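Only one structure is covered here, and it is reproduced in the block below.
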Amino acid sequence: MTSRRPGRGALGLHLTLAPLALLWLMPLWLMVTYATTPEADFLQPGVPLGLGGALADNWAILLAQTPFPRAIANSVATSLIYTACSIVLTSLAGYAFAQFRFFGRGVLFALVVATLTVPYVVVVIPQFVLVARDFHLSNTWAAVVVPPLFNSLGVFFMRQNFMALPKDMLDAARVEGVGELRIFFQIALPLVLPSTAALGIILFLQSWNNYLWPLLVLSRADAQTAPVALGALVGLDRVHWGALMVGAVVMTMPVLAVFVFLQRYFIAGITAGAVK
Amino acid sequence: MSRVDLEAVRKRFGALDVIHGVDLAIEDGSFCVFVGPSGCGKSTLLRMIAGLESVSGGTIRIGSRPVNDVEPAARGIGMVFQSYALYPHMTVRGNMGFGLRATGTSRAETERRLQRAAGILQLDSLLDRKPAQLSGGQRQRVAIGRAIMREPEVFLFDEPLSNLDAELRVQMRVEIAGLHRRLGNTMIYVTHDQTEAMTLADRIVVLRGGRVEQTGAPLELYDDPATAFVAGFIGSPRMNFLRGTAEPGGGVAFAGTRATVPWRSGPPAPGTPVQVGIRPEHLRDDGPVRLAVTVEVAEQLGGVSYLYGTTPGAERLVVERRGLAAARAGETVTVGLEPRDLRVFDGEGRRLR
């Protein structure tokens, strides 16, 4: 391996990219500064570029107005359960579409992909009626986790990954008498791990940031997820901006950590197939 | 060890017939090579024997037991794939032991077989490496080792040397021949390379368009091909084919000359158009039948030379010479051959004997 020293070209590139990076980082920084700004200063003209001293006050308001620690715990739990279940289901379905010939495969797969074209707003009301009225699942984790498990984009994504696996390799295991489930878990899945990790991040974020659906099915305060709890800070006559920003900072941190930790996989998954 | 028998075996993909009723008897302990051009169905036939493709008609027996509906793993076969098909995330040890461990073989027994297979293939020092850290030849040895681990009755090889460079291919060919001598199992080997077929096989099956064109020992196919296709496929450089006409008295006229062929079952009717096949190595300096060749290109390979030229009728012809050939491009040389070295085929390519 030879390490490349940044030359003059790289310097130019960095000079161009640095302002762009600042532009993207600015909202994040403002989120932090607003989280430390006293509530009374929010209506002052100008933007606070430096840290204020009201973090503890805002945090206290957040805790007083919402069951925030409980909401974060709910968010972590539902997002992790959703991500784990969704990865298992989408990868199993994707593997079946990619590797097995069965009657009606083409039609079935076309149907799965066709659901991508249905806008969510069309689905949300019937889905609410089904979950809340017919199955009585309001204010349960199941109500948040189960409906989005039918994830056609995930199935499609995993199918493409599994299609890239050499058929000979799976046949070699079949000749050795290895069962199909074991082939899936011990050979196929480990080989698509980078893309699966990328899908995992996307699914986690989807669930973590989801506001509309949990708002509909989680009315009880102790069942709420973090975005719904923060939403409650926006009142009819008063908005607790400082507390809202503190909550947003707390919500952003785990996501940033996951992203930094799994960045390698995330990029690898998104560009998979581009260079093969 | 087992014999393998195919009876009227057919394969259909949708509306397309790819194997049209193949009958074959592969003896216990023999080395049988399926050879043919791309798309002739040789790999499909092998995958049907392995159980990786279903059988559309006919019966496959391994050791006299019909296996049409038997799972691949229960057929007593070990298979080696062209792409090696190793599991990239496992070490050599993991690759070779995975199948046995996954099907409930004890750790001790797996280890015993691993040591044996590794010993046979000299893999001992590589057991903890991953496939990416191995050369092509080493990977293929691991793939063969994985098949040995199963202690199969029949080994199936699907073009195992196609991904290797020329030098390694020769080396692995010798290793596979040695493996067959040592293990004595029935081996079925698919290749499109006639040199591999000639050097490895006890028995060659030449396939063409999903049908068996001819079956026989390597030199039998070389000396006594049943069709022009087999004659052209076996032997390198390939046999020369010249247009000819049957003459009265058992003669054949071709390329401005004529020869009296020693027919075994009577000559064709005079005037019948025929193809005359002559192997490049049968064109010598002397011989009763004389043929004029205008040399276009002379390839000197040191031990052997090839003259590429044309006959008086402008048909292409290759002449093989031991040592250096004196002829240069543009010269016309006269070569000779023995009438018994001519192979005559009819208009459809069937042999006339």
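In the structure tokens, chains take letters A, B, ... by order of appearance, with residues numbered from 1 within each chain and ligands from 1 in the order shown.
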
Please report, as a tab-separated table, each residue of chain B lying at most 7 Å from chain A, together with the nearest pair of atoms and the separation in Å rounded to one decimal; use only C-alpha atoms, and order rows by chain and ascending residue number.
```
residue	atom	partner	partner_atom	distance
B:Pro72	CA	A:Val175	CA	5.0
B:Ala73	CA	A:Gly177	CA	4.4
B:Phe81	CA	A:Asp168	CA	6.8
B:Ala85	CA	A:Met169	CA	4.2
B:Leu86	CA	A:Met169	CA	6.3
B:Tyr87	CA	A:Met169	CA	6.8
B:Gly99	CA	A:Glu176	CA	5.1
B:Ala102	CA	A:Val178	CA	6.0
B:Thr103	CA	A:Val178	CA	6.2
```

Residues at most 12 Å from A:Phe135, counting only C-alpha atoms, excluding those fewer than 6 positions away in the same chain, as number ranges by chain?
A: 127-129, 142-143, 146-147, 217

Those of stretch 55-281 of chain B in DSSP strand (DSSP E or B), formatted as JSON, numbers by chain
{"B": [57, 58, 59, 60, 61, 62, 65, 66, 77, 78, 79, 80, 154, 155, 156, 157, 158, 186, 187, 188, 189, 190, 191, 203, 204, 205, 206, 207, 208, 211, 212, 213, 214, 215, 216, 227, 240, 241, 242, 243, 244, 245, 246, 247, 251, 252, 253, 254, 257, 258, 259, 260, 273, 274, 275, 276, 277, 278]}

DSSP on the backbone: which residues in stretch 123-264 of chain A end up as alpha helix (DSSP H)? Give the answer as a ChimeraX atom specification.
/A:123-128,141-145,152-163,167-175,180-182,189-191,193-209,212-217,226-231,241-264
